[in-house]
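Have a look at model-v4.cif below; it lists mmCIF, C-alpha atoms.
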```cif
data_entry
#
loop_
_atom_site.group_PDB
_atom_site.id
_atom_site.type_symbol
_atom_site.label_atom_id
_atom_site.label_comp_id
_atom_site.auth_asym_id
_atom_site.auth_seq_id
_atom_site.Cartn_x
_atom_site.Cartn_y
_atom_site.Cartn_z
ATOM 1 C CA MET Z 269 -7.650 -39.198 104.635
ATOM 2 C CA ASN Z 270 -5.079 -38.099 102.082
ATOM 3 C CA ARG Z 271 -6.771 -36.660 98.974
ATOM 4 C CA GLU Z 272 -5.483 -34.939 95.901
ATOM 5 C CA LEU Z 273 -7.870 -32.050 95.284
ATOM 6 C CA ILE Z 274 -8.295 -30.423 91.878
ATOM 7 C CA TYR Z 275 -9.761 -26.910 91.933
ATOM 8 C CA LEU Z 276 -12.541 -26.454 89.361
ATOM 9 C CA ASP Z 277 -14.330 -23.170 90.167
ATOM 10 C CA THR Z 278 -16.093 -21.120 92.872
ATOM 11 C CA TYR Z 279 -19.863 -20.678 93.052
ATOM 12 C CA VAL Z 280 -22.283 -18.841 95.341
ATOM 13 C CA LEU Z 281 -24.818 -20.771 97.419
ATOM 14 C CA GLN Z 282 -28.166 -19.659 95.942
ATOM 15 C CA GLN Z 283 -31.141 -18.519 98.057
ATOM 16 C CA ASP Z 284 -32.886 -21.861 97.404
ATOM 17 C CA MET Z 285 -29.737 -23.759 98.538
ATOM 18 C CA ARG Z 286 -28.601 -24.764 95.037
ATOM 19 C CA VAL Z 287 -24.964 -24.743 93.959
ATOM 20 C CA ARG Z 288 -24.180 -24.926 90.253
ATOM 21 C CA MET Z 289 -21.768 -27.632 89.201
ATOM 22 C CA PRO Z 290 -18.824 -26.642 86.994
ATOM 23 C CA LYS Z 291 -19.187 -27.805 83.383
ATOM 24 C CA THR Z 292 -15.732 -29.358 83.623
ATOM 25 C CA ILE Z 293 -17.163 -32.245 85.648
ATOM 26 C CA LEU Z 294 -18.762 -33.528 82.427
ATOM 27 C CA ALA Z 295 -15.335 -33.990 80.888
ATOM 28 C CA ASN Z 296 -13.654 -35.336 84.023
ATOM 29 C CA LEU Z 297 -16.250 -37.638 85.607
ATOM 30 C CA PRO Z 298 -18.620 -40.329 84.300
ATOM 31 C CA VAL Z 299 -21.757 -38.216 84.867
ATOM 32 C CA ILE Z 300 -24.911 -37.470 82.871
ATOM 33 C CA LYS Z 301 -26.847 -34.224 83.335
ATOM 34 C CA GLY Z 302 -30.254 -34.887 84.907
ATOM 35 C CA LYS Z 303 -29.421 -38.525 85.709
ATOM 36 C CA THR Z 304 -26.340 -38.804 87.931
ATOM 37 C CA LYS Z 305 -26.900 -38.622 91.677
ATOM 38 C CA PHE Z 306 -24.319 -37.462 94.182
ATOM 39 C CA ALA Z 307 -23.891 -38.560 97.785
ATOM 40 C CA VAL Z 308 -23.071 -35.533 99.973
ATOM 41 C CA TYR Z 309 -20.725 -35.921 102.936
ATOM 42 C CA LEU Z 310 -19.644 -33.440 105.598
ATOM 43 C CA ASP Z 311 -16.052 -33.419 106.804
ATOM 44 C CA LYS Z 312 -16.674 -31.521 110.035
ATOM 45 C CA LYS Z 313 -13.010 -31.507 111.022
ATOM 46 C CA ASN Z 314 -11.998 -29.583 107.880
ATOM 47 C CA ASP Z 315 -15.301 -27.720 107.227
ATOM 48 C CA GLU Z 316 -15.604 -29.419 103.830
ATOM 49 C CA LEU Z 317 -18.462 -30.810 101.796
ATOM 50 C CA VAL Z 318 -17.548 -33.833 99.716
ATOM 51 C CA LEU Z 319 -19.602 -34.936 96.704
ATOM 52 C CA LYS Z 320 -19.243 -38.499 95.446
ATOM 53 C CA ILE Z 321 -21.090 -40.167 92.614
ATOM 54 C CA ALA Z 322 -23.725 -42.216 94.438
ATOM 55 C CA ASN Z 323 -23.863 -45.929 93.889
ATOM 56 C CA GLU Z 324 -26.943 -48.112 94.396
ATOM 57 C CA SER Z 325 -25.965 -49.238 97.907
ATOM 58 C CA GLU Z 326 -25.605 -45.620 99.080
ATOM 59 C CA GLU Z 327 -29.027 -44.744 97.649
ATOM 60 C CA GLU Z 328 -30.627 -47.673 99.512
ATOM 61 C CA GLU Z 329 -29.200 -46.406 102.830
ATOM 62 C CA LEU Z 330 -31.029 -43.094 102.451
#
```
As structure tokens:
Amino acid sequence: MNRELIYLDTYVLQQDMRVRMPKTILANLPVIKGKTKFAVYLDKKNDELVLKIANESEEEEL
């Protein structure tokens, strides 16, 4: 998978497992605070977490 990554910021994993999202995602992605859901993927080979805006078919699979 060849991806162009854009660095936004670095955040600490909180005690309750939350990670704050950078405010710049509001300007760069079609997201709405409190409404948009993200699908979370693990790229085990590269030790990466990937967040994608969830679509309805992905939500139904969960």
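Picture a line from atom CA of Ile300 of chain Z to atom CA of Asp315 of chain Z; it runs 27.9 Å.
Our summary of the geometry notes that atom CA of Asn314 of chain Z is positioned 25.6 Å from atom CA of Lys291 of chain Z.
Compared by their closest atoms to Tyr309 of chain Z, and using only C-alpha atoms, the residues Z:Val280, Z:Ile274, Z:Leu297, Z:Ala322 rank with Z:Ala322 nearest.
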So how far away is atom CA of Asn296 of chain Z from atom CA of Leu310 of chain Z, in Å?
->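 That distance, rounded to one decimal, is 22.5 Å.
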Reference answer for the PyMOL selection byres ((chain Z and resi 278) around 10), as a PyMOL selection string | chain Z and resi 275-277+279-281+287-290
